[in-house]
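For reference, start.txt is printed below; it contains compact mmCIF, N, CA and C atoms and all ligand atoms.
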# COMPACT_ATOMS: atom_id res chain seq x y z
N MET D 1 4.87 -6.94 -0.12
CA MET D 1 5.29 -5.86 -1.01
C MET D 1 4.97 -4.51 -0.34
N LEU D 2 5.95 -3.62 -0.40
CA LEU D 2 5.73 -2.30 0.19
C LEU D 2 4.83 -1.47 -0.70
N HIS D 3 4.03 -0.61 -0.09
CA HIS D 3 3.15 0.29 -0.82
C HIS D 3 3.59 1.72 -0.54
N LEU D 4 3.44 2.59 -1.52
CA LEU D 4 3.89 3.98 -1.38
C LEU D 4 3.24 4.70 -0.20
N SER D 5 2.03 4.31 0.16
CA SER D 5 1.35 4.99 1.26
C SER D 5 1.67 4.36 2.62
N ASP D 6 2.54 3.34 2.64
CA ASP D 6 2.91 2.74 3.92
C ASP D 6 3.65 3.75 4.79
N PRO D 7 3.37 3.78 6.09
CA PRO D 7 4.17 4.63 6.97
C PRO D 7 5.60 4.07 7.07
N PRO D 8 6.56 4.89 7.49
CA PRO D 8 7.92 4.37 7.64
C PRO D 8 7.94 3.26 8.68
N ALA D 9 8.91 2.37 8.55
CA ALA D 9 9.02 1.25 9.51
C ALA D 9 9.30 1.79 10.91
N PHE D 10 8.68 1.18 11.90
CA PHE D 10 8.89 1.59 13.29
C PHE D 10 10.26 1.11 13.78
N TYR D 11 10.62 -0.12 13.40
CA TYR D 11 11.95 -0.67 13.71
C TYR D 11 12.73 -0.82 12.42
N ARG D 12 14.01 -0.58 12.49
CA ARG D 12 14.86 -0.84 11.31
C ARG D 12 14.84 -2.31 10.98
N LEU D 13 14.96 -3.14 12.01
CA LEU D 13 14.91 -4.60 11.85
C LEU D 13 14.06 -5.20 12.94
N HIS D 14 13.27 -6.21 12.60
CA HIS D 14 12.41 -6.88 13.57
C HIS D 14 12.71 -8.37 13.48
N VAL D 15 13.22 -8.90 14.58
CA VAL D 15 13.70 -10.29 14.61
C VAL D 15 12.74 -11.15 15.41
N PHE D 16 12.30 -12.23 14.81
CA PHE D 16 11.41 -13.16 15.50
C PHE D 16 12.12 -14.50 15.64
N LEU D 17 12.31 -14.93 16.89
CA LEU D 17 12.93 -16.23 17.15
C LEU D 17 11.85 -17.16 17.69
N CYS D 18 11.74 -18.31 17.10
CA CYS D 18 10.75 -19.28 17.59
C CYS D 18 11.18 -19.83 18.94
N THR D 19 10.29 -19.73 19.92
CA THR D 19 10.56 -20.33 21.23
C THR D 19 9.43 -21.31 21.60
N ASN D 20 8.79 -21.83 20.56
CA ASN D 20 7.72 -22.80 20.81
C ASN D 20 8.30 -24.07 21.43
N ARG D 21 7.55 -24.61 22.40
CA ARG D 21 7.96 -25.87 23.03
C ARG D 21 6.84 -26.89 22.91
N ARG D 22 7.19 -28.03 22.35
CA ARG D 22 6.23 -29.13 22.26
C ARG D 22 6.59 -30.20 23.29
N PRO D 23 5.63 -31.07 23.60
CA PRO D 23 5.94 -32.15 24.54
C PRO D 23 7.06 -33.03 24.01
N GLU D 24 7.82 -33.56 24.94
CA GLU D 24 8.92 -34.50 24.63
C GLU D 24 8.42 -35.60 23.70
N GLY D 25 9.17 -35.91 22.66
CA GLY D 25 8.81 -37.01 21.78
C GLY D 25 7.86 -36.64 20.64
N HIS D 26 7.47 -35.36 20.57
CA HIS D 26 6.61 -34.94 19.45
C HIS D 26 7.37 -35.14 18.14
N PRO D 27 6.70 -35.68 17.09
CA PRO D 27 7.43 -35.98 15.85
C PRO D 27 8.07 -34.77 15.17
N ARG D 28 7.52 -33.59 15.36
CA ARG D 28 8.12 -32.42 14.71
C ARG D 28 9.20 -31.75 15.56
N GLY D 29 9.31 -32.16 16.80
CA GLY D 29 10.26 -31.50 17.69
C GLY D 29 9.83 -30.06 17.94
N SER D 30 10.70 -29.27 18.53
CA SER D 30 10.39 -27.85 18.72
C SER D 30 11.67 -27.07 18.95
N CYS D 31 11.61 -25.79 18.65
CA CYS D 31 12.80 -24.95 18.76
C CYS D 31 13.26 -24.81 20.21
N ALA D 32 12.30 -24.68 21.13
CA ALA D 32 12.69 -24.54 22.55
C ALA D 32 13.42 -25.79 23.02
N ALA D 33 12.98 -26.95 22.57
CA ALA D 33 13.64 -28.20 22.98
C ALA D 33 15.08 -28.25 22.45
N GLN D 34 15.39 -27.39 21.47
CA GLN D 34 16.75 -27.35 20.92
C GLN D 34 17.51 -26.09 21.39
N GLY D 35 17.01 -25.50 22.44
CA GLY D 35 17.78 -24.42 23.09
C GLY D 35 17.47 -23.01 22.64
N SER D 36 16.34 -22.79 21.94
CA SER D 36 16.11 -21.45 21.39
C SER D 36 15.85 -20.39 22.46
N GLU D 37 15.32 -20.80 23.62
CA GLU D 37 15.00 -19.76 24.63
C GLU D 37 16.29 -19.09 25.15
N SER D 38 17.29 -19.87 25.47
CA SER D 38 18.52 -19.26 25.99
C SER D 38 19.24 -18.48 24.88
N LEU D 39 19.12 -18.94 23.64
CA LEU D 39 19.75 -18.20 22.53
C LEU D 39 19.00 -16.89 22.26
N ARG D 40 17.68 -16.91 22.43
CA ARG D 40 16.90 -15.66 22.35
C ARG D 40 17.36 -14.70 23.45
N ASN D 41 17.51 -15.22 24.66
CA ASN D 41 17.95 -14.37 25.78
C ASN D 41 19.34 -13.78 25.50
N TYR D 42 20.20 -14.58 24.93
CA TYR D 42 21.54 -14.10 24.60
C TYR D 42 21.45 -12.96 23.58
N LEU D 43 20.65 -13.14 22.54
CA LEU D 43 20.55 -12.11 21.51
C LEU D 43 19.94 -10.82 22.07
N LYS D 44 18.93 -10.96 22.91
CA LYS D 44 18.32 -9.77 23.53
C LYS D 44 19.34 -9.02 24.39
N ALA D 45 20.07 -9.76 25.19
CA ALA D 45 21.05 -9.13 26.09
C ALA D 45 22.15 -8.44 25.30
N ARG D 46 22.65 -9.11 24.27
CA ARG D 46 23.73 -8.53 23.45
C ARG D 46 23.23 -7.30 22.68
N SER D 47 22.01 -7.38 22.20
CA SER D 47 21.44 -6.26 21.46
C SER D 47 21.30 -5.04 22.37
N LYS D 48 20.88 -5.28 23.61
CA LYS D 48 20.76 -4.19 24.58
C LYS D 48 22.14 -3.63 24.93
N GLU D 49 23.07 -4.54 25.15
CA GLU D 49 24.44 -4.15 25.49
C GLU D 49 25.04 -3.25 24.42
N LEU D 50 24.72 -3.55 23.16
CA LEU D 50 25.28 -2.78 22.05
C LEU D 50 24.42 -1.56 21.69
N GLY D 51 23.32 -1.37 22.41
CA GLY D 51 22.48 -0.19 22.19
C GLY D 51 21.73 -0.19 20.87
N LEU D 52 21.32 -1.37 20.43
CA LEU D 52 20.59 -1.47 19.15
C LEU D 52 19.11 -1.12 19.35
N GLY D 53 18.85 0.15 19.58
CA GLY D 53 17.49 0.59 19.87
C GLY D 53 16.55 0.50 18.69
N ASP D 54 17.08 0.42 17.48
CA ASP D 54 16.22 0.36 16.30
C ASP D 54 16.01 -1.08 15.83
N VAL D 55 16.44 -2.04 16.65
CA VAL D 55 16.25 -3.46 16.33
C VAL D 55 15.42 -4.08 17.44
N ARG D 56 14.35 -4.75 17.10
CA ARG D 56 13.48 -5.39 18.09
C ARG D 56 13.65 -6.90 18.01
N ILE D 57 13.93 -7.50 19.17
CA ILE D 57 14.09 -8.95 19.25
C ILE D 57 12.85 -9.50 19.94
N ASN D 58 12.09 -10.32 19.26
CA ASN D 58 10.87 -10.88 19.84
C ASN D 58 10.86 -12.40 19.81
N SER D 59 10.25 -12.97 20.84
CA SER D 59 9.95 -14.40 20.82
C SER D 59 8.77 -14.60 19.90
N ALA D 60 8.78 -15.70 19.21
CA ALA D 60 7.64 -16.04 18.34
C ALA D 60 7.15 -17.44 18.70
N GLY D 61 5.91 -17.67 18.41
CA GLY D 61 5.39 -19.03 18.45
C GLY D 61 5.93 -19.79 17.25
N CYS D 62 5.38 -20.95 17.02
CA CYS D 62 5.88 -21.81 15.94
C CYS D 62 5.83 -21.09 14.59
N LEU D 63 6.98 -21.08 13.90
CA LEU D 63 7.07 -20.47 12.57
C LEU D 63 6.85 -21.51 11.47
N ASP D 64 6.53 -22.72 11.89
CA ASP D 64 6.17 -23.83 11.00
C ASP D 64 7.31 -24.32 10.12
N ARG D 65 8.54 -24.15 10.64
CA ARG D 65 9.70 -24.77 9.97
C ARG D 65 10.48 -25.55 11.04
N CYS D 66 9.71 -26.23 11.86
CA CYS D 66 10.22 -26.87 13.07
C CYS D 66 11.38 -27.82 12.79
N GLU D 67 11.29 -28.57 11.71
CA GLU D 67 12.32 -29.58 11.41
C GLU D 67 13.66 -28.92 11.09
N LEU D 68 13.66 -27.61 10.84
CA LEU D 68 14.88 -26.87 10.52
C LEU D 68 15.36 -26.05 11.70
N GLY D 69 14.72 -26.22 12.86
CA GLY D 69 14.95 -25.36 13.99
C GLY D 69 16.23 -25.63 14.75
N PRO D 70 16.55 -24.68 15.63
CA PRO D 70 15.82 -23.46 15.90
C PRO D 70 15.85 -22.49 14.70
N THR D 71 14.77 -21.76 14.55
CA THR D 71 14.66 -20.83 13.42
C THR D 71 14.39 -19.41 13.90
N MET D 72 14.82 -18.46 13.06
CA MET D 72 14.44 -17.05 13.26
C MET D 72 14.20 -16.45 11.90
N VAL D 73 13.40 -15.37 11.87
CA VAL D 73 13.20 -14.63 10.63
C VAL D 73 13.34 -13.15 10.94
N ILE D 74 14.00 -12.44 10.03
CA ILE D 74 14.29 -11.02 10.21
C ILE D 74 13.57 -10.22 9.14
N TYR D 75 12.78 -9.23 9.60
CA TYR D 75 12.07 -8.34 8.68
C TYR D 75 12.66 -6.95 8.78
N PRO D 76 12.60 -6.12 7.73
CA PRO D 76 11.71 -6.27 6.58
C PRO D 76 12.23 -7.20 5.48
N GLU D 77 13.44 -7.73 5.60
CA GLU D 77 13.97 -8.52 4.47
C GLU D 77 13.27 -9.87 4.32
N GLY D 78 12.78 -10.43 5.43
CA GLY D 78 12.20 -11.77 5.38
C GLY D 78 13.28 -12.83 5.22
N VAL D 79 14.45 -12.55 5.81
CA VAL D 79 15.56 -13.50 5.75
C VAL D 79 15.46 -14.46 6.93
N TRP D 80 15.59 -15.76 6.64
CA TRP D 80 15.49 -16.80 7.67
C TRP D 80 16.86 -17.38 7.99
N TYR D 81 17.04 -17.69 9.29
CA TYR D 81 18.26 -18.36 9.73
C TYR D 81 17.93 -19.56 10.60
N HIS D 82 18.82 -20.52 10.52
CA HIS D 82 18.89 -21.64 11.45
C HIS D 82 20.08 -21.36 12.35
N PHE D 83 19.96 -21.62 13.65
CA PHE D 83 21.06 -21.33 14.56
C PHE D 83 21.06 -22.36 15.69
N ARG D 84 22.23 -22.64 16.22
CA ARG D 84 22.33 -23.64 17.30
C ARG D 84 23.10 -23.14 18.52
N THR D 85 24.01 -22.22 18.30
CA THR D 85 24.96 -21.85 19.36
C THR D 85 25.01 -20.33 19.54
N THR D 86 25.61 -19.91 20.66
CA THR D 86 25.79 -18.47 20.87
C THR D 86 26.71 -17.89 19.80
N GLU D 87 27.63 -18.70 19.28
CA GLU D 87 28.51 -18.22 18.21
C GLU D 87 27.67 -17.93 16.95
N ASP D 88 26.71 -18.78 16.66
CA ASP D 88 25.82 -18.55 15.51
C ASP D 88 25.06 -17.23 15.71
N VAL D 89 24.50 -17.06 16.89
CA VAL D 89 23.69 -15.87 17.16
C VAL D 89 24.56 -14.61 17.13
N GLU D 90 25.76 -14.73 17.67
CA GLU D 90 26.68 -13.58 17.65
C GLU D 90 27.05 -13.22 16.21
N ASP D 91 27.22 -14.23 15.39
CA ASP D 91 27.55 -14.00 13.98
C ASP D 91 26.39 -13.28 13.28
N ILE D 92 25.16 -13.69 13.57
CA ILE D 92 23.99 -13.04 12.98
C ILE D 92 23.90 -11.59 13.47
N LEU D 93 24.18 -11.39 14.74
CA LEU D 93 24.16 -10.05 15.33
C LEU D 93 25.19 -9.13 14.65
N GLN D 94 26.42 -9.61 14.59
CA GLN D 94 27.50 -8.78 14.04
C GLN D 94 27.35 -8.57 12.53
N THR D 95 27.04 -9.64 11.83
CA THR D 95 27.05 -9.58 10.36
C THR D 95 25.77 -8.99 9.80
N HIS D 96 24.61 -9.44 10.29
CA HIS D 96 23.34 -9.01 9.70
C HIS D 96 22.78 -7.77 10.43
N LEU D 97 22.60 -7.88 11.74
CA LEU D 97 21.94 -6.78 12.47
C LEU D 97 22.79 -5.53 12.52
N LEU D 98 24.10 -5.70 12.68
CA LEU D 98 24.98 -4.53 12.73
C LEU D 98 25.56 -4.19 11.37
N GLY D 99 25.99 -5.21 10.64
CA GLY D 99 26.74 -4.96 9.42
C GLY D 99 25.91 -4.91 8.14
N GLY D 100 24.66 -5.37 8.21
CA GLY D 100 23.83 -5.35 7.01
C GLY D 100 24.17 -6.46 6.01
N GLY D 101 25.01 -7.40 6.44
CA GLY D 101 25.36 -8.52 5.56
C GLY D 101 24.51 -9.74 5.85
N ARG D 102 24.97 -10.88 5.37
CA ARG D 102 24.24 -12.13 5.57
C ARG D 102 25.22 -13.20 6.05
N VAL D 103 24.74 -14.06 6.93
CA VAL D 103 25.55 -15.18 7.40
C VAL D 103 25.18 -16.38 6.54
N THR D 104 25.89 -16.52 5.45
CA THR D 104 25.53 -17.48 4.42
C THR D 104 25.39 -18.90 4.96
N ARG D 105 26.30 -19.30 5.85
CA ARG D 105 26.29 -20.69 6.33
C ARG D 105 25.03 -21.02 7.13
N LEU D 106 24.32 -19.99 7.63
CA LEU D 106 23.14 -20.24 8.46
C LEU D 106 21.83 -19.88 7.77
N LEU D 107 21.91 -19.35 6.55
CA LEU D 107 20.69 -18.93 5.83
C LEU D 107 19.80 -20.13 5.53
N LEU D 108 18.50 -19.94 5.69
CA LEU D 108 17.53 -20.94 5.25
C LEU D 108 16.91 -20.47 3.95
N GLN D 109 16.97 -21.33 2.97
CA GLN D 109 16.32 -21.05 1.68
C GLN D 109 14.85 -21.46 1.78
N PRO D 110 13.98 -20.86 0.95
CA PRO D 110 12.55 -21.24 1.00
C PRO D 110 12.34 -22.73 0.75
N THR D 111 13.25 -23.32 -0.02
CA THR D 111 13.08 -24.74 -0.39
C THR D 111 13.81 -25.69 0.57
N ASP D 112 14.45 -25.16 1.60
CA ASP D 112 15.25 -26.02 2.48
C ASP D 112 14.40 -27.07 3.19
N THR D 113 15.00 -28.24 3.34
CA THR D 113 14.43 -29.34 4.10
C THR D 113 15.53 -29.81 5.06
N PRO D 114 15.20 -30.65 6.03
CA PRO D 114 16.27 -31.17 6.89
C PRO D 114 17.39 -31.82 6.07
N GLU D 115 17.05 -32.45 4.98
CA GLU D 115 18.05 -33.10 4.14
C GLU D 115 19.00 -32.08 3.49
N THR D 116 18.48 -31.01 2.92
CA THR D 116 19.35 -30.00 2.29
C THR D 116 20.21 -29.31 3.34
N ARG D 117 19.68 -29.12 4.54
CA ARG D 117 20.47 -28.51 5.60
C ARG D 117 21.63 -29.42 6.00
N ARG D 118 21.36 -30.73 6.07
CA ARG D 118 22.43 -31.66 6.41
C ARG D 118 23.57 -31.57 5.40
N GLN D 119 23.20 -31.36 4.13
CA GLN D 119 24.23 -31.24 3.09
C GLN D 119 25.05 -29.97 3.29
N VAL D 120 24.38 -28.85 3.64
CA VAL D 120 25.08 -27.58 3.86
C VAL D 120 26.04 -27.71 5.04
N GLU D 121 25.59 -28.43 6.07
CA GLU D 121 26.39 -28.50 7.31
C GLU D 121 27.47 -29.59 7.24
N ALA D 122 27.39 -30.44 6.23
CA ALA D 122 28.36 -31.56 6.16
C ALA D 122 29.75 -31.04 5.79
S1 LIG M 1 8.67 -25.15 16.81
FE1 LIG M 1 9.98 -23.60 15.98
S2 LIG M 1 9.35 -23.44 13.92
FE2 LIG M 1 7.92 -24.82 14.82
Translate the structure of the given file into structure tokens.
Amino acid sequence: MLHLSDPPAFYRLHVFLCTNRRPEGHPRGSCAAQGSESLRNYLKARSKELGLGDVRINSAGCLDRCELGPTMVIYPEGVWYHFRTTEDVEDILQTHLLGGGRVTRLLLQPTDTPETRRQVEA
């Protein structure tokens, strides 16, 4: 919750992409094993290309939603996304980071589980 005495935000948007990597065969898997590092690199490069100086793209350690990965969370909204492809990341870039909208098909709800995601993607 924001407080009246809080200083203004340093970044308009702060994006954290999980790039945690676990050993092969770990029961929870990991976002890096599902390609999050190259998708992070893509988002950073595109953000720079478009001159998004008020948006910070950061790698994050495990965000503890591994079974739904790869995952990212965007602040100050606290909106979570699941993403798999450069098209997904480009959609998040164009729609959310640039346009202020939401990519509904990739949104993670607080209650999402791998099962509910499978239903959304079916
Ligand atoms: S490994 Fe990415 S959320 Fe845990």
Skip segment 81-90 of chain D itself and residues of its chain fewer than 4 positions away, then list as a PDB file with N, CA and C atoms, keeping the file's coordinate frame all residues within 8 Å of it, counting all atoms listed in the file.
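Result saved to around18.pdb:
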ATOM      1  N   GLN D  34      15.390 -27.390  21.470  1.00  0.00           N
ATOM      2  CA  GLN D  34      16.750 -27.350  20.920  1.00  0.00           C
ATOM      3  C   GLN D  34      17.510 -26.090  21.390  1.00  0.00           C
ATOM      4  N   GLY D  35      17.010 -25.500  22.440  1.00  0.00           N
ATOM      5  CA  GLY D  35      17.780 -24.420  23.090  1.00  0.00           C
ATOM      6  C   GLY D  35      17.470 -23.010  22.640  1.00  0.00           C
ATOM      7  N   SER D  36      16.340 -22.790  21.940  1.00  0.00           N
ATOM      8  CA  SER D  36      16.110 -21.450  21.390  1.00  0.00           C
ATOM      9  C   SER D  36      15.850 -20.390  22.460  1.00  0.00           C
ATOM     10  N   SER D  38      17.290 -19.870  25.470  1.00  0.00           N
ATOM     11  CA  SER D  38      18.520 -19.260  25.990  1.00  0.00           C
ATOM     12  C   SER D  38      19.240 -18.480  24.880  1.00  0.00           C
ATOM     13  N   LEU D  39      19.120 -18.940  23.640  1.00  0.00           N
ATOM     14  CA  LEU D  39      19.750 -18.200  22.530  1.00  0.00           C
ATOM     15  C   LEU D  39      19.000 -16.890  22.260  1.00  0.00           C
ATOM     16  N   TYR D  42      20.200 -14.580  24.930  1.00  0.00           N
ATOM     17  CA  TYR D  42      21.540 -14.100  24.600  1.00  0.00           C
ATOM     18  C   TYR D  42      21.450 -12.960  23.580  1.00  0.00           C
ATOM     19  N   LEU D  43      20.650 -13.140  22.540  1.00  0.00           N
ATOM     20  CA  LEU D  43      20.550 -12.110  21.510  1.00  0.00           C
ATOM     21  C   LEU D  43      19.940 -10.820  22.070  1.00  0.00           C
ATOM     22  N   LEU D  68      13.660 -27.610  10.840  1.00  0.00           N
ATOM     23  CA  LEU D  68      14.880 -26.870  10.520  1.00  0.00           C
ATOM     24  C   LEU D  68      15.360 -26.050  11.700  1.00  0.00           C
ATOM     25  N   GLY D  69      14.720 -26.220  12.860  1.00  0.00           N
ATOM     26  CA  GLY D  69      14.950 -25.360  13.990  1.00  0.00           C
ATOM     27  C   GLY D  69      16.230 -25.630  14.750  1.00  0.00           C
ATOM     28  N   PRO D  70      16.550 -24.680  15.630  1.00  0.00           N
ATOM     29  CA  PRO D  70      15.820 -23.460  15.900  1.00  0.00           C
ATOM     30  C   PRO D  70      15.850 -22.490  14.700  1.00  0.00           C
ATOM     31  N   THR D  71      14.770 -21.760  14.550  1.00  0.00           N
ATOM     32  CA  THR D  71      14.660 -20.830  13.420  1.00  0.00           C
ATOM     33  C   THR D  71      14.390 -19.410  13.900  1.00  0.00           C
ATOM     34  N   MET D  72      14.820 -18.460  13.060  1.00  0.00           N
ATOM     35  CA  MET D  72      14.440 -17.050  13.260  1.00  0.00           C
ATOM     36  C   MET D  72      14.200 -16.450  11.900  1.00  0.00           C
ATOM     37  N   VAL D  73      13.400 -15.370  11.870  1.00  0.00           N
ATOM     38  CA  VAL D  73      13.200 -14.630  10.630  1.00  0.00           C
ATOM     39  C   VAL D  73      13.340 -13.150  10.940  1.00  0.00           C
ATOM     40  N   ILE D  74      14.000 -12.440  10.030  1.00  0.00           N
ATOM     41  CA  ILE D  74      14.290 -11.020  10.210  1.00  0.00           C
ATOM     42  C   ILE D  74      13.570 -10.220   9.140  1.00  0.00           C
ATOM     43  N   GLN D  94      26.420  -9.610  14.590  1.00  0.00           N
ATOM     44  CA  GLN D  94      27.500  -8.780  14.040  1.00  0.00           C
ATOM     45  C   GLN D  94      27.350  -8.570  12.530  1.00  0.00           C
ATOM     46  N   THR D  95      27.040  -9.640  11.830  1.00  0.00           N
ATOM     47  CA  THR D  95      27.050  -9.580  10.360  1.00  0.00           C
ATOM     48  C   THR D  95      25.770  -8.990   9.800  1.00  0.00           C
ATOM     49  N   HIS D  96      24.610  -9.440  10.290  1.00  0.00           N
ATOM     50  CA  HIS D  96      23.340  -9.010   9.700  1.00  0.00           C
ATOM     51  C   HIS D  96      22.780  -7.770  10.430  1.00  0.00           C
ATOM     52  N   VAL D 103      24.740 -14.060   6.930  1.00  0.00           N
ATOM     53  CA  VAL D 103      25.550 -15.180   7.400  1.00  0.00           C
ATOM     54  C   VAL D 103      25.180 -16.380   6.540  1.00  0.00           C
ATOM     55  N   ARG D 105      26.300 -19.300   5.850  1.00  0.00           N
ATOM     56  CA  ARG D 105      26.290 -20.690   6.330  1.00  0.00           C
ATOM     57  C   ARG D 105      25.030 -21.020   7.130  1.00  0.00           C
ATOM     58  N   LEU D 106      24.320 -19.990   7.630  1.00  0.00           N
ATOM     59  CA  LEU D 106      23.140 -20.240   8.460  1.00  0.00           C
ATOM     60  C   LEU D 106      21.830 -19.880   7.770  1.00  0.00           C
ATOM     61  N   LEU D 107      21.910 -19.350   6.550  1.00  0.00           N
ATOM     62  CA  LEU D 107      20.690 -18.930   5.830  1.00  0.00           C
ATOM     63  C   LEU D 107      19.800 -20.130   5.530  1.00  0.00           C
ATOM     64  N   LEU D 108      18.500 -19.940   5.690  1.00  0.00           N
ATOM     65  CA  LEU D 108      17.530 -20.940   5.250  1.00  0.00           C
ATOM     66  C   LEU D 108      16.910 -20.470   3.950  1.00  0.00           C
ATOM     67  N   GLN D 109      16.970 -21.330   2.970  1.00  0.00           N
ATOM     68  CA  GLN D 109      16.320 -21.050   1.680  1.00  0.00           C
ATOM     69  C   GLN D 109      14.850 -21.460   1.780  1.00  0.00           C
TER      70      GLN D 109
END
Can you tell me which residues come within 7 Å of ligand LIG 1 (chain M) when counting all atoms listed in the file, ideally as an MDAnalysis selection string? chainID D and resid 17:22 28:32 61:71
Could you produce a table of the residues of segment 28-106 of chain D lying within 7 Å of segment 6-13 of chain D, with the nearest pair of atoms per residue and their separation in Å rounded to one decimal, using only C-alpha atoms, ordered by chain and increasing residue number, as JSON lines?
{"residue": "D:Asp54", "atom": "CA", "partner": "D:Tyr11", "partner_atom": "CA", "distance": 5.1}
{"residue": "D:Val55", "atom": "CA", "partner": "D:Leu13", "partner_atom": "CA", "distance": 4.8}
{"residue": "D:Arg56", "atom": "CA", "partner": "D:Leu13", "partner_atom": "CA", "distance": 6.5}
{"residue": "D:Ile74", "atom": "CA", "partner": "D:Leu13", "partner_atom": "CA", "distance": 6.7}
{"residue": "D:Tyr75", "atom": "CA", "partner": "D:Leu13", "partner_atom": "CA", "distance": 5.7}
{"residue": "D:Pro76", "atom": "CA", "partner": "D:Leu13", "partner_atom": "CA", "distance": 6.4}
Rank D:Ile92, D:Glu77, D:Asn41, D:Leu98 by their smallest atom-to-atom distance to Gly53 of chain D, using only C-alpha atoms, and report the top residue only.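 Checking each candidate against Gly53 of chain D, we get D:Leu98 as the closest.
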Tell me, in Å to one decimal, how far atom N of Thr111 of chain D is from atom C of Glu37 of chain D. 25.7 Å
Taking the backbone alone, and naming residues the way the document does, which bits of segment 24-98 of chain D are helix (DSSP H, G or I) by DSSP, as a PyMOL selection string? chain D and resi 32-34+36-49+66-68+86-98
All strand (DSSP E) positions in chain D, as a PyMOL selection string: chain D and resi 13-18+55-60+71-75+79-82+107-108
Please compute the atom C of Thr104 of chain D-atom C of Val79 of chain D distance, one decimal, in Å. 11.1 Å
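Picture a line from atom CA of Gly51 of chain D to atom CA of Gly99 of chain D; it runs 14.3 Å.
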As an mmCIF file, in the coordinates of the input, could you write out segment 50-55 of chain D once it has been completed with all heavy atoms?
data_model
loop_
_atom_site.group_PDB
_atom_site.id
_atom_site.type_symbol
_atom_site.label_atom_id
_atom_site.label_comp_id
_atom_site.auth_asym_id
_atom_site.auth_seq_id
_atom_site.Cartn_x
_atom_site.Cartn_y
_atom_site.Cartn_z
ATOM 1 N N LEU D 50 24.720 -3.550 23.160
ATOM 2 C CA LEU D 50 25.280 -2.780 22.050
ATOM 3 C C LEU D 50 24.420 -1.560 21.690
ATOM 4 O O LEU D 50 24.745 -0.821 20.766
ATOM 5 C CB LEU D 50 25.439 -3.684 20.823
ATOM 6 C CG LEU D 50 26.451 -4.824 20.984
ATOM 7 C CD1 LEU D 50 26.361 -5.796 19.823
ATOM 8 C CD2 LEU D 50 27.864 -4.277 21.121
ATOM 9 N N GLY D 51 23.320 -1.370 22.410
ATOM 10 C CA GLY D 51 22.480 -0.190 22.190
ATOM 11 C C GLY D 51 21.730 -0.190 20.870
ATOM 12 O O GLY D 51 21.521 0.864 20.270
ATOM 13 N N LEU D 52 21.320 -1.370 20.430
ATOM 14 C CA LEU D 52 20.590 -1.470 19.150
ATOM 15 C C LEU D 52 19.110 -1.120 19.350
ATOM 16 O O LEU D 52 18.238 -1.979 19.282
ATOM 17 C CB LEU D 52 20.726 -2.880 18.563
ATOM 18 C CG LEU D 52 22.089 -3.271 18.034
ATOM 19 C CD1 LEU D 52 22.055 -4.678 17.469
ATOM 20 C CD2 LEU D 52 22.537 -2.296 16.959
ATOM 21 N N GLY D 53 18.850 0.150 19.580
ATOM 22 C CA GLY D 53 17.490 0.590 19.870
ATOM 23 C C GLY D 53 16.550 0.500 18.690
ATOM 24 O O GLY D 53 15.327 0.511 18.861
ATOM 25 N N ASP D 54 17.080 0.420 17.480
ATOM 26 C CA ASP D 54 16.220 0.360 16.300
ATOM 27 C C ASP D 54 16.010 -1.080 15.830
ATOM 28 O O ASP D 54 15.477 -1.322 14.748
ATOM 29 C CB ASP D 54 16.791 1.213 15.164
ATOM 30 C CG ASP D 54 18.210 0.797 14.765
ATOM 31 O OD1 ASP D 54 18.796 -0.087 15.444
ATOM 32 O OD2 ASP D 54 18.716 1.355 13.784
ATOM 33 N N VAL D 55 16.440 -2.040 16.650
ATOM 34 C CA VAL D 55 16.250 -3.460 16.330
ATOM 35 C C VAL D 55 15.420 -4.080 17.440
ATOM 36 O O VAL D 55 15.763 -3.940 18.621
ATOM 37 C CB VAL D 55 17.598 -4.199 16.213
ATOM 38 C CG1 VAL D 55 17.387 -5.684 15.970
ATOM 39 C CG2 VAL D 55 18.445 -3.581 15.097
#
